[in-house]
Amino acid sequence: MLFGSKKALPAEIDSPNTVIGSGITIEAARLTGRDSVRIDGEFKGNIELQGSLVLGEGGSITGEVRSSYFLVAGEVNGNIYCDTQLHFAATARVVGDVNTPNLILDEGSQVTGRYNVGEVTQPATYVENPPEDDILEDRLRFLEGV
């Protein structure tokens with residue numbers, strides 16, 4: 001089922017430059033970048049990508065996601081903001097609000113949250129140079145966990 005447009009848009013999945021494999025857990029404050037990423041493991045933290053994001057069937061994300069295109073086949077616990085298209089595969093399990101201009105829901109996907117389809121209320125912006133305070137806080141959080 002497609003929401004937000006009268007015809008399906010072609011998938012905009014780029015070949016991922018970074019892969020977080022199954023069996024890998026990353027606990028981070030933030031993942032940012034311009035390239036595409038595939039996650040088959042577990043990621044805890046916020047994600048901001050200008051490229052596409054693919055969450056594999058065995059993957060999970062706990063945190064807010066902002067990307068250009070997002071294909072979800074795993075589990076997300078957090079709000080999602082996409083600039084072009086968001087696709088929930090049949091195996092997707094999501095708890096969080098959804099903001100995207102175009103949404104594809106495959107039969108069997110489970111999403112608990114509010115939908116805002118058609119106009120993104122908070123664009124999936126990319127912060128090239130985050131404020132120094134954020135970097136310092138991220139480093140302190142990392143050191144506290146060591």
# chains A, B, ... in the order shown; residues from 1 in each chain; ligands from 1
>>> residues_around(residues="Leu53 (chain A)", least_positions_apart="2", cutoff="10 Å", atoms="only C-alpha atoms", output="number ranges by chain")
A: 12-16, 18, 35-39, 47-51, 55-56, 65-72, 82, 86
>>> residues_around(residues="Arg114 (chain A)", least_positions_apart="5", cutoff="9 Å", atoms="only C-alpha atoms", output="PyMOL selection string")
chain A and resi 96-99
>>> atom_distance(atom1="CA of Gly74 (chain A)", atom2="CA of Gly33 (chain A)")
21.2 Å
>>> residues_around(residues="Val95 (chain A)", least_positions_apart="3", cutoff="8 Å", atoms="only C-alpha atoms", output="list in words")
Val76, Asn77, Gly78, Asn79, Val111, Thr112 and Gly113 of chain A
>>> select_by_dssp(residues="region 34-109 of chain A", states="strand (DSSP E or B)", output="number ranges by chain")
A: 37-39, 42-49, 52-55, 60-62, 65-72, 75-77, 80-88, 93-95, 98-100, 103-105
>>> closest_residue(among="A:Gly63, A:Gly58, A:Gly108, A:Gly118", to="Thr84 (chain A)", atoms="only C-alpha atoms")
A:Gly118
>>> atom_distance(atom1="CA of Leu103 (chain A)", atom2="CA of Glu27 (chain A)")
28.2 Å
